[in-house]
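S.K.: Here it is, the structure, as structure tokens.
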Amino acid sequence: MTPLRVSVFISGRGSNLQALIGACAAEACRAEVVLVISSHAEAPGLDFAAAAGIHAAVIPHRDQRAFAAAAEPLLLEHKVELICLAGFMRVLDSSFVEAWRDRMVNIHPSLLPAFRGLHAQRQALAAGVRFAGYTVHFVRPELDCGPIIGQAVVPVRADDDEAALAARILAVEHRLYPLALRLIAERRVRVVSERVEIVSATAPVVATLNPQDCPGDALA
Ligand code: GRF
């Protein structure tokens with residue numbers, strides 16, 4: 001099986017790009033990042049592309065159609081089969097999204113469909129949820145919508161601020177996004193009636209409680 005040719009779209013730090021590049025370097029991985037597109041020239045994530053010798057392009061996202069028109073020939077030239085949005089902070093043109101239907105994935109730092117849009121961790125704290133998390137999903141024109149490939153859950157702790165919660169979520173992002181890419185590259189992921197089916201994958205059987213029952217805190 002030839003490696004799946006992947007383009008990663010970024011806007012900033014690029015830690016998820018770094019995680020994907022690292023995962024693709026593993027011998028067992030059947031994906032290869034062949035093109036990085038950044039909406040910002042000064043995105044620190046571009047350094048990860050340069051260090052890995054991956055072709056990178058900067059396409060300022062002033063206008064959705066202009067961005068799509070500039071990206072399309074590059075995607076063709078590099079024979080890209082899958083687009084991974086990784087901290088790409090712009091809304092894409094809906095025709096572009098439709099053209100890449102089920103071939104473009106996004107990440108979002110919440111348990112979708114909760115807390116779409118900006119500041120998902122802040123929204124989770126404001127809502128007082130006991131668990132927050134992270135979602136990898138196929139992209140649809142509506143923001144942070146689309147069939148869910150995988151999710152990871154982290155507890156919200158009483159003393160969390162936005163930065164602490166974001167850091168806890170980021171650590172699981174760096175595990176789940178490479179896993180989702182590997183499953184797609186192994187052609188084990190398909191969308192059926194707007195739900196994702198994954199061949200030969202298992203789910204955990206253990207439930208997690210938050211708060212936990214702590215004997216030391218029992219009422220005397
Ligand atoms: C991540 O938290 C991602 O979930 C969100 O933006 C952040 C990007 O981080 N969409 P990075 O640029 O990959 O480091």
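Lettering and numbering for the structure tokens are positional, with chains as A, B, ... in the shown order, residues counted from 1 in each chain, and ligands counted from 1 in the shown order.
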Using only C-alpha atoms and all ligand atoms, determine which residues fall within 8 Å of ligand 1, then list them as a list in words.

M.R.: Ile10, Ser11, Gly12, Arg13, Gly14, Ser15, Asn16, Leu17, Gln18, Gly45, Ala86, Gly87, Phe88, Met89, Asn106, Ile107, His108, Pro109, Tyr134, Ala166, Ile169, Leu170 and Glu173 of chain A

S.K.: Keeping only N, CA and C atoms, write the selected residues to a file as an mmCIF file, in the first residue's frame.

M.R.:
data_model
loop_
_atom_site.group_PDB
_atom_site.id
_atom_site.type_symbol
_atom_site.label_atom_id
_atom_site.label_comp_id
_atom_site.auth_asym_id
_atom_site.auth_seq_id
_atom_site.Cartn_x
_atom_site.Cartn_y
_atom_site.Cartn_z
ATOM 1 N N ILE A 10 -2.021 24.872 8.722
ATOM 2 C CA ILE A 10 -1.787 25.439 10.054
ATOM 3 C C ILE A 10 -1.967 26.962 10.012
ATOM 4 N N SER A 11 -2.022 27.531 11.217
ATOM 5 C CA SER A 11 -2.012 28.995 11.316
ATOM 6 C C SER A 11 -1.006 29.503 12.335
ATOM 7 N N GLY A 12 -0.496 28.613 13.201
ATOM 8 C CA GLY A 12 0.326 29.126 14.295
ATOM 9 C C GLY A 12 1.372 28.164 14.781
ATOM 10 N N ARG A 13 1.249 27.811 16.076
ATOM 11 C CA ARG A 13 2.289 27.054 16.797
ATOM 12 C C ARG A 13 2.695 25.751 16.116
ATOM 13 N N GLY A 14 1.730 24.970 15.656
ATOM 14 C CA GLY A 14 2.056 23.770 14.882
ATOM 15 C C GLY A 14 2.440 22.544 15.685
ATOM 16 N N SER A 15 2.031 22.478 16.955
ATOM 17 C CA SER A 15 2.434 21.296 17.732
ATOM 18 C C SER A 15 1.731 20.033 17.218
ATOM 19 N N ASN A 16 0.515 20.183 16.711
ATOM 20 C CA ASN A 16 -0.152 19.015 16.119
ATOM 21 C C ASN A 16 0.508 18.613 14.800
ATOM 22 N N LEU A 17 0.947 19.589 14.015
ATOM 23 C CA LEU A 17 1.719 19.272 12.820
ATOM 24 C C LEU A 17 2.949 18.457 13.198
ATOM 25 N N GLN A 18 3.639 18.908 14.245
ATOM 26 C CA GLN A 18 4.838 18.197 14.697
ATOM 27 C C GLN A 18 4.489 16.753 15.081
ATOM 28 N N GLY A 45 4.942 27.032 13.414
ATOM 29 C CA GLY A 45 4.838 25.661 12.910
ATOM 30 C C GLY A 45 5.575 25.443 11.598
ATOM 31 N N ALA A 86 -4.902 21.596 11.294
ATOM 32 C CA ALA A 86 -4.248 21.447 12.600
ATOM 33 C C ALA A 86 -3.982 22.837 13.163
ATOM 34 N N GLY A 87 -4.955 23.352 13.903
ATOM 35 C CA GLY A 87 -4.810 24.713 14.394
ATOM 36 C C GLY A 87 -4.928 25.712 13.260
ATOM 37 N N PHE A 88 -5.721 25.343 12.248
ATOM 38 C CA PHE A 88 -5.969 26.253 11.111
ATOM 39 C C PHE A 88 -7.162 27.117 11.497
ATOM 40 N N MET A 89 -6.888 28.402 11.721
ATOM 41 C CA MET A 89 -7.867 29.265 12.390
ATOM 42 C C MET A 89 -8.723 30.071 11.417
ATOM 43 N N ASN A 106 -10.465 17.645 10.769
ATOM 44 C CA ASN A 106 -10.177 18.777 11.639
ATOM 45 C C ASN A 106 -10.061 18.269 13.070
ATOM 46 N N ILE A 107 -9.448 19.096 13.904
ATOM 47 C CA ILE A 107 -9.397 18.809 15.324
ATOM 48 C C ILE A 107 -10.049 19.970 16.056
ATOM 49 N N HIS A 108 -10.639 19.649 17.187
ATOM 50 C CA HIS A 108 -11.258 20.705 17.981
ATOM 51 C C HIS A 108 -11.126 20.343 19.457
ATOM 52 N N PRO A 109 -10.686 21.309 20.297
ATOM 53 C CA PRO A 109 -10.424 20.970 21.696
ATOM 54 C C PRO A 109 -11.671 20.979 22.571
ATOM 55 N N TYR A 134 -11.399 16.366 23.386
ATOM 56 C CA TYR A 134 -10.808 16.664 22.095
ATOM 57 C C TYR A 134 -11.464 15.763 21.057
ATOM 58 N N ALA A 166 -6.321 23.670 28.772
ATOM 59 C CA ALA A 166 -5.846 23.576 27.379
ATOM 60 C C ALA A 166 -4.610 22.694 27.293
ATOM 61 N N ILE A 169 -5.612 19.063 27.582
ATOM 62 C CA ILE A 169 -6.233 18.604 26.324
ATOM 63 C C ILE A 169 -5.171 18.442 25.232
ATOM 64 N N LEU A 170 -4.238 19.394 25.171
ATOM 65 C CA LEU A 170 -3.219 19.343 24.108
ATOM 66 C C LEU A 170 -2.421 18.040 24.161
ATOM 67 N N GLU A 173 -4.389 15.541 22.430
ATOM 68 C CA GLU A 173 -4.454 15.841 20.989
ATOM 69 C C GLU A 173 -3.295 15.156 20.274
#

S.K.: Got a sec to tell me which of stretch 10-183 of chain A DSSP assigns to helix (DSSP H, G or I), as a PDB file with C-alpha atoms, in the first residue's frame?

M.R.:
ATOM      1  CA  SER A  15       2.434  21.296  17.732  1.00  0.00           C
ATOM      2  CA  ASN A  16      -0.152  19.015  16.119  1.00  0.00           C
ATOM      3  CA  LEU A  17       1.719  19.272  12.820  1.00  0.00           C
ATOM      4  CA  GLN A  18       4.838  18.197  14.697  1.00  0.00           C
ATOM      5  CA  ALA A  19       2.946  15.233  16.194  1.00  0.00           C
ATOM      6  CA  LEU A  20       1.689  14.188  12.745  1.00  0.00           C
ATOM      7  CA  ILE A  21       5.140  14.475  11.173  1.00  0.00           C
ATOM      8  CA  GLY A  22       6.557  12.391  14.022  1.00  0.00           C
ATOM      9  CA  ALA A  23       3.870   9.744  13.610  1.00  0.00           C
ATOM     10  CA  CYS A  24       4.490   9.522   9.860  1.00  0.00           C
ATOM     11  CA  ALA A  25       8.182   8.912  10.496  1.00  0.00           C
ATOM     12  CA  LEU A  46       6.543  26.355   9.566  1.00  0.00           C
ATOM     13  CA  ASP A  47       9.837  25.525  11.297  1.00  0.00           C
ATOM     14  CA  PHE A  48       8.659  21.933  11.816  1.00  0.00           C
ATOM     15  CA  ALA A  49       8.001  21.612   8.082  1.00  0.00           C
ATOM     16  CA  ALA A  50      11.421  23.058   7.260  1.00  0.00           C
ATOM     17  CA  ALA A  51      13.184  20.764   9.750  1.00  0.00           C
ATOM     18  CA  GLN A  64     -12.039  32.284   1.247  1.00  0.00           C
ATOM     19  CA  ARG A  65     -12.212  31.908  -2.540  1.00  0.00           C
ATOM     20  CA  ALA A  66      -8.743  33.347  -3.105  1.00  0.00           C
ATOM     21  CA  PHE A  67      -7.322  30.971  -0.504  1.00  0.00           C
ATOM     22  CA  ALA A  68      -9.003  27.976  -2.164  1.00  0.00           C
ATOM     23  CA  ALA A  69      -7.880  29.087  -5.631  1.00  0.00           C
ATOM     24  CA  ALA A  70      -4.282  29.315  -4.431  1.00  0.00           C
ATOM     25  CA  ALA A  71      -4.356  26.043  -2.477  1.00  0.00           C
ATOM     26  CA  GLU A  72      -5.975  23.842  -5.146  1.00  0.00           C
ATOM     27  CA  PRO A  73      -3.079  23.795  -7.653  1.00  0.00           C
ATOM     28  CA  LEU A  74      -0.592  23.043  -4.871  1.00  0.00           C
ATOM     29  CA  LEU A  75      -2.726  20.161  -3.613  1.00  0.00           C
ATOM     30  CA  LEU A  76      -2.892  18.801  -7.159  1.00  0.00           C
ATOM     31  CA  GLU A  77       0.813  19.264  -7.773  1.00  0.00           C
ATOM     32  CA  SER A  94     -17.847  25.795   1.389  1.00  0.00           C
ATOM     33  CA  SER A  95     -17.240  24.613  -2.214  1.00  0.00           C
ATOM     34  CA  PHE A  96     -13.678  23.757  -1.253  1.00  0.00           C
ATOM     35  CA  VAL A  97     -14.954  21.848   1.790  1.00  0.00           C
ATOM     36  CA  GLU A  98     -17.450  19.933  -0.359  1.00  0.00           C
ATOM     37  CA  ALA A  99     -14.760  19.121  -2.924  1.00  0.00           C
ATOM     38  CA  ALA A 120     -13.661  25.855  23.590  1.00  0.00           C
ATOM     39  CA  GLN A 121     -11.768  25.310  26.847  1.00  0.00           C
ATOM     40  CA  ARG A 122     -13.081  28.602  28.249  1.00  0.00           C
ATOM     41  CA  GLN A 123     -16.612  27.563  27.262  1.00  0.00           C
ATOM     42  CA  ALA A 124     -16.165  24.218  29.038  1.00  0.00           C
ATOM     43  CA  LEU A 125     -15.005  25.909  32.244  1.00  0.00           C
ATOM     44  CA  ALA A 126     -17.889  28.381  32.127  1.00  0.00           C
ATOM     45  CA  ALA A 127     -20.387  25.532  31.714  1.00  0.00           C
ATOM     46  CA  GLU A 162      -8.100  27.959  30.774  1.00  0.00           C
ATOM     47  CA  ALA A 163      -4.354  27.440  30.293  1.00  0.00           C
ATOM     48  CA  ALA A 164      -4.198  24.377  32.558  1.00  0.00           C
ATOM     49  CA  LEU A 165      -7.181  22.752  30.860  1.00  0.00           C
ATOM     50  CA  ALA A 166      -5.846  23.576  27.379  1.00  0.00           C
ATOM     51  CA  ALA A 167      -2.491  21.986  28.268  1.00  0.00           C
ATOM     52  CA  ARG A 168      -4.185  18.813  29.513  1.00  0.00           C
ATOM     53  CA  ILE A 169      -6.233  18.604  26.324  1.00  0.00           C
ATOM     54  CA  LEU A 170      -3.219  19.343  24.108  1.00  0.00           C
ATOM     55  CA  ALA A 171      -1.369  16.335  25.520  1.00  0.00           C
ATOM     56  CA  VAL A 172      -4.161  14.023  24.347  1.00  0.00           C
ATOM     57  CA  GLU A 173      -4.454  15.841  20.989  1.00  0.00           C
ATOM     58  CA  HIS A 174      -0.906  14.780  20.253  1.00  0.00           C
ATOM     59  CA  ARG A 175      -1.873  11.140  20.818  1.00  0.00           C
ATOM     60  CA  LEU A 176      -5.285  11.028  19.172  1.00  0.00           C
ATOM     61  CA  TYR A 177      -4.604  12.963  15.958  1.00  0.00           C
ATOM     62  CA  PRO A 178      -1.740  10.652  14.906  1.00  0.00           C
ATOM     63  CA  LEU A 179      -3.914   7.643  15.780  1.00  0.00           C
ATOM     64  CA  ALA A 180      -6.779   8.960  13.628  1.00  0.00           C
ATOM     65  CA  LEU A 181      -4.374   9.610  10.751  1.00  0.00           C
ATOM     66  CA  ARG A 182      -2.970   6.092  11.027  1.00  0.00           C
ATOM     67  CA  LEU A 183      -6.457   4.562  10.936  1.00  0.00           C
TER      68      LEU A 183
END

S.K.: Do you have the atom CA of A:Asp102-atom CA of A:Val139 distance handy?

M.R.: 7.2 Å

S.K.: Taking only C-alpha atoms into account, name the residue in A:Glu142, A:Gly128, A:Leu209, A:Val8 that is nearest to A:Asp159.

M.R.: A:Gly128

S.K.: Nearest to A:Phe131: which of A:Val199, A:Ala114, A:Leu4, A:Val156 is it, counting only C-alpha atoms?

M.R.: A:Val156

S.K.: Within 6 Å of A:Ser39, counting only C-alpha atoms, which residues show up once you throw out same-chain ones fewer than 5 positions away? Write them as a CSV table (one decimal) with all heavy atoms, in the first residue's frame, please.

M.R.:
chain,number,residue,atom,x,y,z
A,11,SER,N,-2.0,27.5,11.2
A,11,SER,CA,-2.0,29.0,11.3
A,11,SER,C,-1.0,29.5,12.3
A,11,SER,O,-0.7,30.7,12.4
A,11,SER,CB,-3.4,29.5,11.7
A,11,SER,OG,-4.4,29.3,10.7
A,58,VAL,N,2.9,29.5,2.1
A,58,VAL,CA,2.1,30.5,2.9
A,58,VAL,C,1.1,31.1,1.9
A,58,VAL,O,1.4,31.6,0.9
A,58,VAL,CB,3.0,31.6,3.5
A,58,VAL,CG1,2.1,32.7,4.2
A,58,VAL,CG2,4.0,31.0,4.4
A,59,ILE,N,-0.2,30.9,2.4
A,59,ILE,CA,-1.3,31.5,1.6
A,59,ILE,C,-2.1,32.3,2.5
A,59,ILE,O,-2.9,31.8,3.3
A,59,ILE,CB,-2.2,30.4,0.9
A,59,ILE,CG1,-1.3,29.4,0.1
A,59,ILE,CG2,-3.3,31.1,0.1
A,59,ILE,CD1,-2.2,28.3,-0.5
A,60,PRO,N,-1.9,33.6,2.5
A,60,PRO,CA,-2.7,34.5,3.4
A,60,PRO,C,-4.2,34.3,3.2
A,60,PRO,O,-4.6,34.2,2.0
A,60,PRO,CB,-2.3,35.9,3.1
A,60,PRO,CG,-1.0,35.7,2.3
A,60,PRO,CD,-1.1,34.4,1.6
A,61,HIS,N,-5.0,34.2,4.3
A,61,HIS,CA,-6.4,33.9,4.1
A,61,HIS,C,-7.2,35.2,4.2
A,61,HIS,O,-7.9,35.4,5.2
A,61,HIS,CB,-6.8,32.9,5.2
A,61,HIS,CG,-8.1,32.3,4.9
A,61,HIS,ND1,-9.3,32.9,5.0
A,61,HIS,CD2,-8.5,31.0,4.6
A,61,HIS,CE1,-10.3,32.1,4.7
A,61,HIS,NE2,-9.8,30.9,4.5
